[in-house]
file run.cif (mmCIF, C-alpha atoms)
data_structure
#
loop_
_atom_site.label_atom_id
_atom_site.label_comp_id
_atom_site.auth_asym_id
_atom_site.auth_seq_id
_atom_site.Cartn_x
_atom_site.Cartn_y
_atom_site.Cartn_z
CA MET A 283 5.37 -67.38 70.71
CA ASP A 284 8.32 -66.06 68.63
CA LEU A 285 7.09 -66.17 65.03
CA ASP A 286 10.58 -65.72 63.64
CA ALA A 287 11.76 -68.76 65.57
CA LEU A 288 8.75 -70.75 64.41
CA THR A 289 9.44 -69.78 60.81
CA ALA A 290 13.08 -70.79 61.08
CA ALA A 291 12.16 -74.13 62.62
CA ARG A 292 9.37 -74.98 60.18
CA ARG A 293 10.65 -73.44 56.93
CA ASP A 294 11.76 -76.74 55.38
CA GLU A 295 8.52 -78.50 56.38
CA TRP A 296 6.41 -75.71 54.88
CA ALA A 297 8.48 -75.77 51.71
CA ARG A 298 7.87 -79.49 51.40
CA LEU A 299 4.12 -78.96 51.92
CA ASP A 300 4.14 -76.32 49.18
CA GLU A 301 6.05 -78.65 46.86
CA LEU A 302 3.64 -81.53 47.41
CA SER A 303 0.59 -79.34 46.90
CA ARG A 304 1.97 -78.21 43.51
CA THR A 305 2.86 -81.71 42.30
CA ARG A 306 0.43 -82.89 39.64
CA ARG A 307 0.62 -86.59 40.41
CA LEU A 308 1.28 -87.96 43.87
CA ALA A 309 2.11 -91.51 44.86
CA GLY A 310 0.32 -93.10 47.80
CA ALA A 311 3.16 -92.33 50.21
CA GLU A 312 3.27 -88.72 49.01
CA VAL A 313 -0.46 -88.28 49.61
CA ASP A 314 0.02 -89.54 53.17
CA GLU A 315 2.92 -87.14 53.62
CA LEU A 316 0.82 -84.26 52.26
CA VAL A 317 -1.91 -85.02 54.77
CA ASP A 318 0.57 -85.16 57.65
CA ARG A 319 2.27 -81.92 56.68
CA TYR A 320 -1.09 -80.24 56.13
CA ARG A 321 -2.13 -81.15 59.70
CA ALA A 322 1.19 -79.95 61.12
CA ALA A 323 0.98 -76.63 59.25
CA SER A 324 -2.61 -76.16 60.39
CA ALA A 325 -1.45 -76.51 63.99
CA ASP A 326 1.32 -73.97 63.32
CA LEU A 327 -1.21 -71.53 61.89
CA ALA A 328 -3.51 -71.96 64.89
CA ASP A 329 -0.61 -71.27 67.26
CA ALA A 330 0.45 -68.21 65.26
CA LYS A 331 -3.05 -66.72 65.17
CA THR A 332 -3.65 -67.41 68.85
CA SER A 333 -0.45 -65.66 69.90
CA THR A 334 -0.30 -62.69 67.51
CA GLY A 335 -3.44 -62.63 65.38
CA ARG A 336 -2.88 -61.94 61.70
CA SER A 337 0.75 -61.79 60.57
CA VAL A 338 2.88 -62.15 57.45
CA GLN A 339 3.95 -65.63 58.56
CA GLY A 340 0.34 -66.60 59.18
CA ASP A 341 -0.70 -65.40 55.73
CA HIS A 342 2.14 -67.42 54.20
CA ILE A 343 0.98 -70.57 55.98
CA SER A 344 -2.62 -69.87 55.03
CA THR A 345 -1.66 -69.60 51.37
CA MET A 346 0.03 -72.99 51.43
CA LEU A 347 -2.81 -74.57 53.36
CA ALA A 348 -5.40 -73.22 50.91
CA ARG A 349 -3.49 -74.72 47.99
CA ALA A 350 -2.98 -78.03 49.81
CA ARG A 351 -6.65 -78.17 50.80
CA LEU A 352 -7.72 -77.76 47.20
CA ARG A 353 -5.21 -80.44 46.21
CA LEU A 354 -6.63 -82.87 48.77
CA THR A 355 -10.34 -82.23 48.45
CA GLY A 356 -11.34 -80.07 45.52
CA ALA A 357 -14.84 -79.75 47.01
CA PRO A 358 -16.39 -77.19 49.38
CA GLU A 359 -17.58 -77.94 52.86
CA ASN A 360 -21.20 -78.95 53.42
CA VAL A 361 -23.31 -75.82 53.92
CA LEU A 362 -25.10 -77.21 56.98
CA ARG A 363 -21.77 -77.79 58.71
CA LYS A 364 -20.97 -74.08 58.39
CA ILE A 365 -23.95 -72.96 60.48
CA PRO A 366 -22.38 -73.68 63.92
CA ARG A 367 -19.20 -71.87 62.89
CA PHE A 368 -21.20 -68.89 61.67
CA PHE A 369 -23.01 -68.38 64.97
CA ALA A 370 -20.15 -69.42 67.26
CA LEU A 371 -17.27 -67.64 65.52
CA GLN A 372 -17.96 -65.54 62.44
CA LEU A 373 -20.95 -63.48 63.59
CA PRO A 374 -19.77 -62.69 67.16
CA ALA A 375 -16.27 -61.81 65.89
CA ALA A 376 -17.73 -59.41 63.33
CA LEU A 377 -19.90 -57.81 66.04
CA TYR A 378 -16.93 -57.51 68.39
CA ARG A 379 -14.84 -55.70 65.77
CA ILE A 380 -17.33 -52.81 65.58
CA ARG A 381 -18.16 -52.52 69.29
CA TRP A 382 -16.55 -49.11 69.83
CA LEU A 383 -18.03 -47.55 66.72
CA THR A 384 -21.41 -48.93 67.78
CA LEU A 385 -21.03 -47.19 71.14
CA ALA A 386 -20.07 -43.90 69.45
CA ILE A 387 -23.13 -44.08 67.19
CA ALA A 388 -25.37 -44.86 70.18
CA ILE A 389 -24.06 -41.83 72.06
CA GLY A 390 -24.55 -39.62 69.00
CA PHE A 391 -28.09 -40.92 68.50
CA VAL A 392 -29.05 -40.22 72.11
CA LEU A 393 -27.53 -36.73 71.96
CA VAL A 394 -29.36 -35.81 68.74
CA GLY A 395 -32.67 -37.22 69.98
CA THR A 396 -32.35 -35.44 73.33
CA VAL A 397 -31.44 -32.10 71.75
CA VAL A 398 -34.37 -32.31 69.34
CA ALA A 399 -36.81 -33.27 72.11
CA LEU A 400 -35.75 -30.44 74.43
CA TRP A 401 -35.45 -27.87 71.66
CA VAL A 402 -38.86 -28.56 70.11
CA SER A 403 -40.72 -28.97 73.41
CA GLY A 404 -39.22 -25.72 74.66
CA ASP A 405 -40.41 -23.63 71.71
CA ASP A 406 -44.16 -23.13 71.27
CA ALA A 407 -43.69 -22.14 67.63
CA LEU A 408 -41.91 -25.39 66.83
CA VAL A 409 -44.59 -27.39 68.62
CA ALA A 410 -47.29 -25.57 66.65
CA ALA A 411 -45.45 -26.35 63.41
CA LEU A 412 -45.96 -30.05 64.06
CA GLY A 413 -49.77 -29.77 63.82
CA ASN A 414 -52.77 -28.23 65.48
CA ARG A 415 -53.12 -28.50 69.23
CA TRP A 416 -55.98 -30.99 69.13
CA GLN A 417 -54.11 -33.40 66.85
CA LEU A 418 -51.00 -33.27 68.98
CA GLU A 419 -52.97 -33.87 72.17
CA GLN A 420 -54.74 -36.80 70.53
CA TYR A 421 -51.35 -38.26 69.60
CA ALA A 422 -49.97 -37.82 73.11
CA GLU A 423 -53.05 -39.11 74.94
CA ASN A 424 -54.08 -41.99 72.67
CA ASP A 425 -52.37 -42.53 69.34
CA PHE A 426 -48.86 -43.08 70.70
CA THR A 427 -49.91 -45.91 73.01
CA ASP A 428 -52.64 -47.28 70.71
CA TYR A 429 -50.01 -47.88 68.03
CA TYR A 430 -48.72 -50.84 70.04
CA SER A 431 -52.09 -52.53 70.49
CA GLU A 432 -54.31 -51.64 67.50
CA ASN A 433 -53.17 -54.71 65.51
CA HIS A 434 -52.85 -58.39 66.36
CA PRO A 435 -49.57 -58.93 68.24
CA ALA A 436 -48.22 -61.46 65.74
CA ALA A 437 -48.99 -59.27 62.73
CA PHE A 438 -47.58 -56.20 64.48
CA ALA A 439 -44.40 -58.05 65.48
CA GLY A 440 -43.92 -59.26 61.92
CA THR A 441 -44.43 -55.78 60.50
CA VAL A 442 -41.94 -54.02 62.77
CA TRP A 443 -39.46 -56.87 62.33
CA THR A 444 -39.45 -56.68 58.53
CA ASN A 445 -39.30 -52.89 58.60
CA ASN A 446 -36.38 -52.75 61.03
CA ALA A 447 -34.55 -55.61 59.34
CA TRP A 448 -34.81 -53.80 56.01
CA ILE A 449 -33.41 -50.62 57.59
CA ALA A 450 -30.52 -52.59 59.13
CA VAL A 451 -29.69 -54.36 55.87
CA GLN A 452 -29.72 -51.03 54.02
CA CYS A 453 -27.29 -49.53 56.54
CA VAL A 454 -24.86 -52.39 55.97
CA LEU A 455 -25.20 -52.81 52.21
CA PHE A 456 -25.28 -49.09 51.40
CA GLY A 457 -22.58 -48.31 53.94
CA ILE A 458 -20.10 -47.98 51.07
CA THR A 459 -21.67 -44.58 50.32
CA GLY A 460 -20.47 -43.25 53.67
CA PHE A 461 -23.55 -41.08 54.16
CA TRP A 462 -26.41 -43.58 54.11
CA PRO A 463 -25.96 -45.02 57.65
CA ILE A 464 -25.48 -41.50 59.04
CA MET A 465 -28.60 -40.26 57.24
CA VAL A 466 -30.68 -43.16 58.56
CA MET A 467 -29.46 -42.62 62.13
CA VAL A 468 -30.08 -38.88 62.04
CA GLN A 469 -33.57 -39.33 60.58
CA ASN A 470 -34.48 -41.86 63.25
CA ALA A 471 -32.99 -39.75 66.04
CA VAL A 472 -34.95 -36.71 64.88
CA GLY A 473 -38.12 -38.81 64.63
CA VAL A 474 -37.70 -40.19 68.13
CA GLY A 475 -36.85 -36.74 69.48
CA THR A 476 -39.90 -35.19 67.82
CA ALA A 477 -42.21 -37.83 69.26
CA ALA A 478 -40.65 -37.29 72.67
CA ALA A 479 -41.16 -33.53 72.34
CA ILE A 480 -44.90 -33.97 71.78
CA MET A 481 -45.18 -36.29 74.78
CA ILE A 482 -43.20 -33.84 76.93
CA GLU A 483 -45.44 -30.97 75.84
CA PHE A 484 -48.47 -32.78 77.23
CA GLY A 485 -46.81 -34.08 80.37
CA ARG A 486 -46.43 -37.68 79.21
CA ALA A 487 -42.65 -38.04 79.02
CA ASP A 488 -42.85 -40.99 81.41
CA VAL A 489 -45.28 -42.78 79.09
CA PHE A 490 -42.92 -42.23 76.18
CA LEU A 491 -39.98 -43.79 78.00
CA LEU A 492 -41.99 -46.68 79.39
CA TYR A 493 -43.36 -47.63 75.98
CA ILE A 494 -40.07 -47.22 74.12
CA ALA A 495 -37.79 -49.00 76.59
CA PRO A 496 -39.03 -52.64 76.49
CA HIS A 497 -38.33 -53.20 72.79
CA GLY A 498 -36.23 -50.13 72.03
CA LEU A 499 -33.21 -51.24 74.05
CA LEU A 500 -32.47 -54.12 71.68
CA GLU A 501 -34.06 -52.67 68.56
CA LEU A 502 -32.08 -49.43 68.60
CA THR A 503 -28.87 -51.25 69.51
CA CYS A 504 -29.29 -53.43 66.43
CA LEU A 505 -29.65 -50.33 64.26
CA PHE A 506 -26.54 -48.82 65.84
CA VAL A 507 -24.64 -52.01 65.02
CA ALA A 508 -25.89 -51.95 61.43
CA ALA A 509 -24.76 -48.36 60.99
CA ALA A 510 -21.36 -49.19 62.48
CA ALA A 511 -20.95 -52.12 60.09
CA GLY A 512 -21.85 -49.96 57.11
CA LEU A 513 -19.42 -47.20 58.07
CA THR A 514 -16.66 -49.77 58.65
CA ILE A 515 -17.14 -51.03 55.10
CA PHE A 516 -16.89 -47.44 53.88
CA TRP A 517 -13.69 -46.89 55.85
CA ALA A 518 -12.14 -50.06 54.40
CA TRP A 519 -12.59 -48.46 50.98
CA VAL A 520 -11.20 -45.09 52.12
CA ALA A 521 -8.20 -46.48 54.03
CA PRO A 522 -7.37 -49.96 52.64
CA GLY A 523 -3.92 -50.14 54.19
CA ARG A 524 -1.44 -52.39 52.36
CA ARG A 525 -4.19 -54.06 50.34
CA THR A 526 -5.81 -52.73 47.21
CA ARG A 527 -9.13 -50.96 47.68
CA GLY A 528 -10.90 -53.83 45.96
CA GLU A 529 -9.37 -56.44 48.26
CA ALA A 530 -10.03 -54.38 51.40
CA LEU A 531 -13.60 -53.67 50.37
CA ALA A 532 -14.26 -57.31 49.50
CA ALA A 533 -12.90 -58.53 52.84
CA ALA A 534 -14.88 -55.93 54.82
CA GLY A 535 -18.02 -56.58 52.82
CA ARG A 536 -17.83 -60.34 53.34
CA SER A 537 -17.05 -60.14 57.05
CA LEU A 538 -19.59 -57.44 57.91
CA ALA A 539 -22.38 -58.79 55.71
CA THR A 540 -22.58 -61.47 58.38
CA VAL A 541 -23.72 -58.69 60.73
CA ALA A 542 -26.73 -57.99 58.50
CA ILE A 543 -27.72 -61.66 58.66
CA GLY A 544 -27.26 -61.84 62.42
CA LEU A 545 -29.26 -58.67 63.03
CA ILE A 546 -32.25 -60.18 61.27
CA PHE A 547 -32.48 -62.71 64.10
CA ALA A 548 -31.86 -60.13 66.84
CA LEU A 549 -34.48 -57.81 65.38
CA ALA A 550 -36.94 -60.69 65.29
CA ILE A 551 -36.59 -60.92 69.07
CA ALA A 552 -37.06 -57.16 69.38
CA GLY A 553 -40.15 -57.43 67.20
CA LEU A 554 -41.61 -60.15 69.43
CA ILE A 555 -41.05 -57.97 72.48
CA GLU A 556 -42.69 -54.99 70.77
CA GLY A 557 -45.64 -57.07 69.64
CA PHE A 558 -46.23 -59.23 72.68
CA VAL A 559 -44.75 -57.31 75.65
CA THR A 560 -44.81 -53.53 75.18
CA ALA A 561 -48.60 -53.12 75.16
CA GLN A 562 -49.31 -55.67 77.90
CA PRO A 563 -50.82 -54.42 81.20
CA TRP A 564 -47.92 -55.86 83.16
CA PRO A 565 -45.83 -54.03 85.77
CA TRP A 566 -43.32 -51.77 84.06
CA PRO A 567 -40.32 -53.33 85.84
CA VAL A 568 -41.28 -56.66 84.28
CA LYS A 569 -41.64 -55.27 80.76
CA ILE A 570 -38.49 -53.19 80.90
CA GLY A 571 -36.69 -56.09 82.56
CA ILE A 572 -37.53 -58.33 79.59
CA GLY A 573 -36.11 -55.75 77.21
CA ALA A 574 -33.02 -55.25 79.36
CA ALA A 575 -32.44 -59.01 79.54
CA ALA A 576 -32.66 -59.29 75.74
CA LEU A 577 -30.14 -56.47 75.37
CA ALA A 578 -27.85 -58.03 77.99
CA LEU A 579 -27.81 -61.35 76.11
CA PHE A 580 -26.99 -59.55 72.88
CA LEU A 581 -24.12 -57.63 74.50
CA VAL A 582 -22.71 -60.78 76.10
CA TYR A 583 -22.80 -62.46 72.70
CA MET A 584 -21.19 -59.43 71.07
CA ILE A 585 -18.48 -58.70 73.65
CA VAL A 586 -17.74 -61.95 75.50
CA VAL A 587 -18.35 -64.57 72.80
CA GLY A 588 -17.17 -62.17 70.11
CA GLY A 589 -14.03 -61.25 71.99
CA ARG A 590 -13.14 -64.90 72.44
CA ALA A 591 -13.65 -65.60 68.73
CA TYR A 592 -11.72 -62.49 67.70
CA ARG A 593 -8.73 -63.45 69.83
CA ARG A 594 -8.70 -66.80 68.04
CA GLY A 595 -8.09 -64.93 64.79
CA GLU A 596 -11.68 -64.74 63.52
CA THR A 597 -12.81 -61.57 61.75
CA GLY A 598 -16.23 -62.59 60.49
CA ASP A 599 -14.90 -63.27 56.99
CA LEU A 600 -15.36 -66.51 55.10
CA THR A 601 -12.69 -69.17 55.33
CA GLU A 602 -9.72 -68.98 53.01
CA TYR A 603 -10.99 -72.05 51.21
CA GLU A 604 -14.21 -70.20 50.35
CA THR A 605 -12.58 -66.88 49.42
CA GLY A 606 -9.59 -68.27 47.59
CA THR A 607 -5.88 -68.04 48.23
CA PRO A 608 -5.02 -64.60 49.60
CA THR A 609 -2.64 -62.26 47.80
CA LEU A 610 0.40 -61.57 49.94
CA THR A 611 1.87 -58.09 50.10
CA ALA A 612 5.30 -57.04 51.25
CA GLY A 613 5.98 -54.36 53.86
#
call {"tool": "encode", "arguments": {"input": "run.cif", "output": "structure tokens"}}
result
Amino acid sequence: MDLDALTAARRDEWARLDELSRTRRLAGAEVDELVDRYRAASADLADAKTSTGRSVQGDHISTMLARARLRLTGAPENVLRKIPRFFALQLPAALYRIRWLTLAIAIGFVLVGTVVALWVSGDDALVAALGNRWQLEQYAENDFTDYYSENHPAAFAGTVWTNNAWIAVQCVLFGITGFWPIMVMVQNAVGVGTAAAIMIEFGRADVFLLYIAPHGLLELTCLFVAAAAGLTIFWAWVAPGRRTRGEALAAAGRSLATVAIGLIFALAIAGLIEGFVTAQPWPWPVKIGIGAAALALFLVYMIVVGGRAYRRGETGDLTEYETGTPTLTAG
């Protein structure tokens, strides 16, 4: 679609919509006309966003529609009616936007964890610094695996869920600092690498991988996503583009806070797998397959559903009615 041609063809209609939305008192016929022009402009905005995403023309239409919507209704949408839109459009679009940064963080996490594991396990002095030989052997032979079965599965699942959800929320909300998500990821990578080093030292590297994989595939991915969301908020403050830093930060914070909410549900699934699957005496292909299936569903939701929503113009942000009329900038 040629947006310049659309603007030329619809300029008078949009001007009339803007005029009606600013009129204090409307006659019955004018109200009907306002409704008709509002519907027509909404269709124009949908076409513009579908073809080119966000644009100056689209922002102009959105501004008029926001004003007309307030003129017609003056009341927000029912909260319960927003739930389907949140899960079908806002959340997957927000996840899709940070897919590449999530991948970069995942690669960095694996590299740091692997380096720590190989470095520590390859140096007897570093291994000795972790504790006496008997304690480390006890950890490798019993404590590591007992951790997943020493408590009731439901209580254990709830504990790891709340802990991981809190970490994810912190990464998103404190992402404005720029260092918090990185610090959390490095700490966790070093912790995982250290645990792996102890298991390697006592010939139980396979046990480490088999116990981490069922729940860790989804759990760690969720933490990578949270860190990516937090760093994206930070970058919106550093490089706001044509908007003010406040506007850019507000938009990024609103759109990516949805990620924190969505990860609470994803981490609940990871917690259930950790509590009810990891410690079960089932064949390892079954347990790892459950974890892999959970991760696959998450990635399909993030990439396929999210990509579809993003191409429709969704960013994860609230609607313009909820955030208010946007400020247009030239250039």
call {"tool": "atom_distance", "arguments": {"input": "run.cif", "atom1": "atom CA of A:Leu538", "atom2": "atom CA of A:Ser324"}}
result
25.4 Å
call {"tool": "residues_around", "arguments": {"input": "run.cif", "residues": "stretch 300-307 of chain A", "least_positions_apart": "6", "cutoff": "10 Å", "atoms": "only C-alpha atoms", "output": "PDB file with C-alpha atoms, in the frame of the given file"}}
result
ATOM      1  CA  ASP A 294      11.760 -76.740  55.380  1.00  0.00           C
ATOM      2  CA  VAL A 313      -0.460 -88.280  49.610  1.00  0.00           C
ATOM      3  CA  GLU A 315       2.920 -87.140  53.620  1.00  0.00           C
ATOM      4  CA  LEU A 316       0.820 -84.260  52.260  1.00  0.00           C
ATOM      5  CA  VAL A 317      -1.910 -85.020  54.770  1.00  0.00           C
ATOM      6  CA  ARG A 319       2.270 -81.920  56.680  1.00  0.00           C
ATOM      7  CA  TYR A 320      -1.090 -80.240  56.130  1.00  0.00           C
ATOM      8  CA  ILE A 343       0.980 -70.570  55.980  1.00  0.00           C
ATOM      9  CA  THR A 345      -1.660 -69.600  51.370  1.00  0.00           C
ATOM     10  CA  MET A 346       0.030 -72.990  51.430  1.00  0.00           C
ATOM     11  CA  LEU A 347      -2.810 -74.570  53.360  1.00  0.00           C
ATOM     12  CA  ALA A 348      -5.400 -73.220  50.910  1.00  0.00           C
ATOM     13  CA  ARG A 349      -3.490 -74.720  47.990  1.00  0.00           C
ATOM     14  CA  ALA A 350      -2.980 -78.030  49.810  1.00  0.00           C
ATOM     15  CA  ARG A 351      -6.650 -78.170  50.800  1.00  0.00           C
ATOM     16  CA  LEU A 352      -7.720 -77.760  47.200  1.00  0.00           C
ATOM     17  CA  ARG A 353      -5.210 -80.440  46.210  1.00  0.00           C
ATOM     18  CA  LEU A 354      -6.630 -82.870  48.770  1.00  0.00           C
TER      19      LEU A 354
END
call {"tool": "atom_distance", "arguments": {"input": "run.cif", "atom1": "atom CA of A:Leu577", "atom2": "atom CA of A:Met481"}}
result
25.2 Å
call {"tool": "residues_near_point", "arguments": {"input": "run.cif", "point": "(-30.3, -40.2, 66.0)", "cutoff": "6 Å", "atoms": "all atoms listed in the file", "output": "number ranges by chain"}}
result
A: 391, 394-395, 467-468, 470-472
call {"tool": "write_last_selection", "arguments": {"input": "run.cif", "atoms": "C-alpha atoms", "output": "CSV table (one decimal), keeping the file's coordinate frame"}}
result
chain,number,residue,atom,x,y,z
A,391,PHE,CA,-28.1,-40.9,68.5
A,394,VAL,CA,-29.4,-35.8,68.7
A,395,GLY,CA,-32.7,-37.2,70.0
A,467,MET,CA,-29.5,-42.6,62.1
A,468,VAL,CA,-30.1,-38.9,62.0
A,470,ASN,CA,-34.5,-41.9,63.2
A,471,ALA,CA,-33.0,-39.8,66.0
A,472,VAL,CA,-35.0,-36.7,64.9
call {"tool": "residues_near_point", "arguments": {"input": "run.cif", "point": "(-33.7, -49.7, 83.3)", "cutoff": "10 Å", "atoms": "all atoms listed in the file", "output": "list in words"}}
result
Leu492, Ala495, Pro496, Leu499, Trp566, Pro567, Ile570, Gly571, Gly573 and Ala574 of chain A
call {"tool": "atom_distance", "arguments": {"input": "run.cif", "atom1": "atom CA of A:Leu393", "atom2": "atom CA of A:Ile482"}}
result
16.7 Å
call {"tool": "residues_around", "arguments": {"input": "run.cif", "residues": "A:Thr441", "least_positions_apart": "5", "cutoff": "9 Å", "atoms": "all atoms listed in the file", "output": "compact mmCIF listing (two decimals) with C-alpha atoms, in the coordinates of the input"}}
result
# COMPACT_ATOMS: atom_id res chain seq x y z
CA ALA A 436 -48.22 -61.46 65.74
CA ASN A 446 -36.38 -52.75 61.03
CA GLY A 553 -40.15 -57.43 67.20
call {"tool": "resolve_selection", "arguments": {"input": "run.cif", "expression": "the PyMOL selection byres ((chain A and resi 462) around 12)", "output": "PDB file with C-alpha atoms, in the coordinates of the input"}}
result
ATOM      1  CA  ILE A 449     -33.410 -50.620  57.590  1.00  0.00           C
ATOM      2  CA  ALA A 450     -30.520 -52.590  59.130  1.00  0.00           C
ATOM      3  CA  VAL A 451     -29.690 -54.360  55.870  1.00  0.00           C
ATOM      4  CA  GLN A 452     -29.720 -51.030  54.020  1.00  0.00           C
ATOM      5  CA  CYS A 453     -27.290 -49.530  56.540  1.00  0.00           C
ATOM      6  CA  VAL A 454     -24.860 -52.390  55.970  1.00  0.00           C
ATOM      7  CA  LEU A 455     -25.200 -52.810  52.210  1.00  0.00           C
ATOM      8  CA  PHE A 456     -25.280 -49.090  51.400  1.00  0.00           C
ATOM      9  CA  GLY A 457     -22.580 -48.310  53.940  1.00  0.00           C
ATOM     10  CA  ILE A 458     -20.100 -47.980  51.070  1.00  0.00           C
ATOM     11  CA  THR A 459     -21.670 -44.580  50.320  1.00  0.00           C
ATOM     12  CA  GLY A 460     -20.470 -43.250  53.670  1.00  0.00           C
ATOM     13  CA  PHE A 461     -23.550 -41.080  54.160  1.00  0.00           C
ATOM     14  CA  PRO A 463     -25.960 -45.020  57.650  1.00  0.00           C
ATOM     15  CA  ILE A 464     -25.480 -41.500  59.040  1.00  0.00           C
ATOM     16  CA  MET A 465     -28.600 -40.260  57.240  1.00  0.00           C
ATOM     17  CA  VAL A 466     -30.680 -43.160  58.560  1.00  0.00           C
ATOM     18  CA  MET A 467     -29.460 -42.620  62.130  1.00  0.00           C
ATOM     19  CA  VAL A 468     -30.080 -38.880  62.040  1.00  0.00           C
ATOM     20  CA  GLN A 469     -33.570 -39.330  60.580  1.00  0.00           C
ATOM     21  CA  ALA A 508     -25.890 -51.950  61.430  1.00  0.00           C
ATOM     22  CA  ALA A 509     -24.760 -48.360  60.990  1.00  0.00           C
ATOM     23  CA  ALA A 510     -21.360 -49.190  62.480  1.00  0.00           C
ATOM     24  CA  ALA A 511     -20.950 -52.120  60.090  1.00  0.00           C
ATOM     25  CA  GLY A 512     -21.850 -49.960  57.110  1.00  0.00           C
ATOM     26  CA  LEU A 513     -19.420 -47.200  58.070  1.00  0.00           C
ATOM     27  CA  ILE A 515     -17.140 -51.030  55.100  1.00  0.00           C
ATOM     28  CA  PHE A 516     -16.890 -47.440  53.880  1.00  0.00           C
TER      29      PHE A 516
END
call {"tool": "resolve_selection", "arguments": {"input": "run.cif", "expression": "the PyMOL selection byres ((chain A and resi 376) around 10)", "output": "ChimeraX atom specification"}}
result
/A:371-375,377-381,511,534,537-541,544,584,588-589,591-592,596-599
call {"tool": "closest_residue", "arguments": {"input": "run.cif", "among": "A:Lys569, A:Lys364, A:Ala287, A:Ala370", "to": "A:Val587", "atoms": "all atoms listed in the file"}}
result
A:Ala370
call {"tool": "closest_residue", "arguments": {"input": "run.cif", "among": "A:Ile546, A:Ala578, A:Ala561, A:Ile494", "to": "A:Glu432", "atoms": "all atoms listed in the file"}}
result
A:Ala561
call {"tool": "closest_residue", "arguments": {"input": "run.cif", "among": "A:Ile585, A:Leu579, A:Gly498, A:Leu531", "to": "A:Thr560", "atoms": "only C-alpha atoms"}}
result
A:Gly498
call {"tool": "resolve_selection", "arguments": {"input": "run.cif", "expression": "the PyMOL selection byres ((chain A and resi 475) around 8)", "output": "list in words"}}
result
Val394, Gly395, Thr396, Val397, Val398, Ala399, Ala471, Val472, Gly473, Val474, Thr476, Ala477, Ala478 and Ala479 of chain A
call {"tool": "closest_residue", "arguments": {"input": "run.cif", "among": "A:Ala576, A:Phe369, A:Val568, A:Pro563", "to": "A:Ser431", "atoms": "all atoms listed in the file"}}
result
A:Pro563
call {"tool": "residues_around", "arguments": {"input": "run.cif", "residues": "A:Arg594", "least_positions_apart": "5", "cutoff": "9 Å", "atoms": "only C-alpha atoms", "output": "list of chain:residue names"}}
result
A:Ala328, A:Lys331, A:Thr332, A:Ser333, A:Gly335, A:Leu371, A:Gly589
call {"tool": "build_atoms", "arguments": {"input": "run.cif", "residues": "stretch 310-323 of chain A", "atoms": "N, CA and C atoms", "output": "compact mmCIF listing (two decimals), in the frame of the given file"}}
result
# COMPACT_ATOMS: atom_id res chain seq x y z
N GLY A 310 1.06 -92.88 46.57
CA GLY A 310 0.32 -93.10 47.80
C GLY A 310 1.06 -92.55 49.02
N ALA A 311 2.36 -92.81 49.07
CA ALA A 311 3.16 -92.33 50.21
C ALA A 311 3.21 -90.81 50.24
N GLU A 312 3.22 -90.18 49.06
CA GLU A 312 3.27 -88.72 49.01
C GLU A 312 1.95 -88.09 49.46
N VAL A 313 0.83 -88.76 49.14
CA VAL A 313 -0.46 -88.28 49.61
C VAL A 313 -0.51 -88.32 51.14
N ASP A 314 -0.02 -89.44 51.71
CA ASP A 314 0.02 -89.54 53.17
C ASP A 314 0.89 -88.44 53.77
N GLU A 315 2.02 -88.19 53.13
CA GLU A 315 2.92 -87.14 53.62
C GLU A 315 2.25 -85.77 53.53
N LEU A 316 1.52 -85.53 52.43
CA LEU A 316 0.82 -84.26 52.26
C LEU A 316 -0.20 -84.05 53.37
N VAL A 317 -0.93 -85.11 53.70
CA VAL A 317 -1.91 -85.02 54.77
C VAL A 317 -1.23 -84.70 56.10
N ASP A 318 -0.14 -85.39 56.39
CA ASP A 318 0.57 -85.16 57.65
C ASP A 318 1.11 -83.73 57.73
N ARG A 319 1.70 -83.27 56.65
CA ARG A 319 2.27 -81.92 56.68
C ARG A 319 1.17 -80.86 56.70
N TYR A 320 0.04 -81.17 56.09
CA TYR A 320 -1.09 -80.24 56.13
C TYR A 320 -1.57 -80.08 57.58
N ARG A 321 -1.69 -81.21 58.30
CA ARG A 321 -2.13 -81.15 59.70
C ARG A 321 -1.12 -80.38 60.55
N ALA A 322 0.16 -80.63 60.33
CA ALA A 322 1.19 -79.95 61.12
C ALA A 322 1.17 -78.44 60.85
N ALA A 323 1.02 -78.05 59.58
CA ALA A 323 0.98 -76.63 59.25
C ALA A 323 -0.27 -75.96 59.80
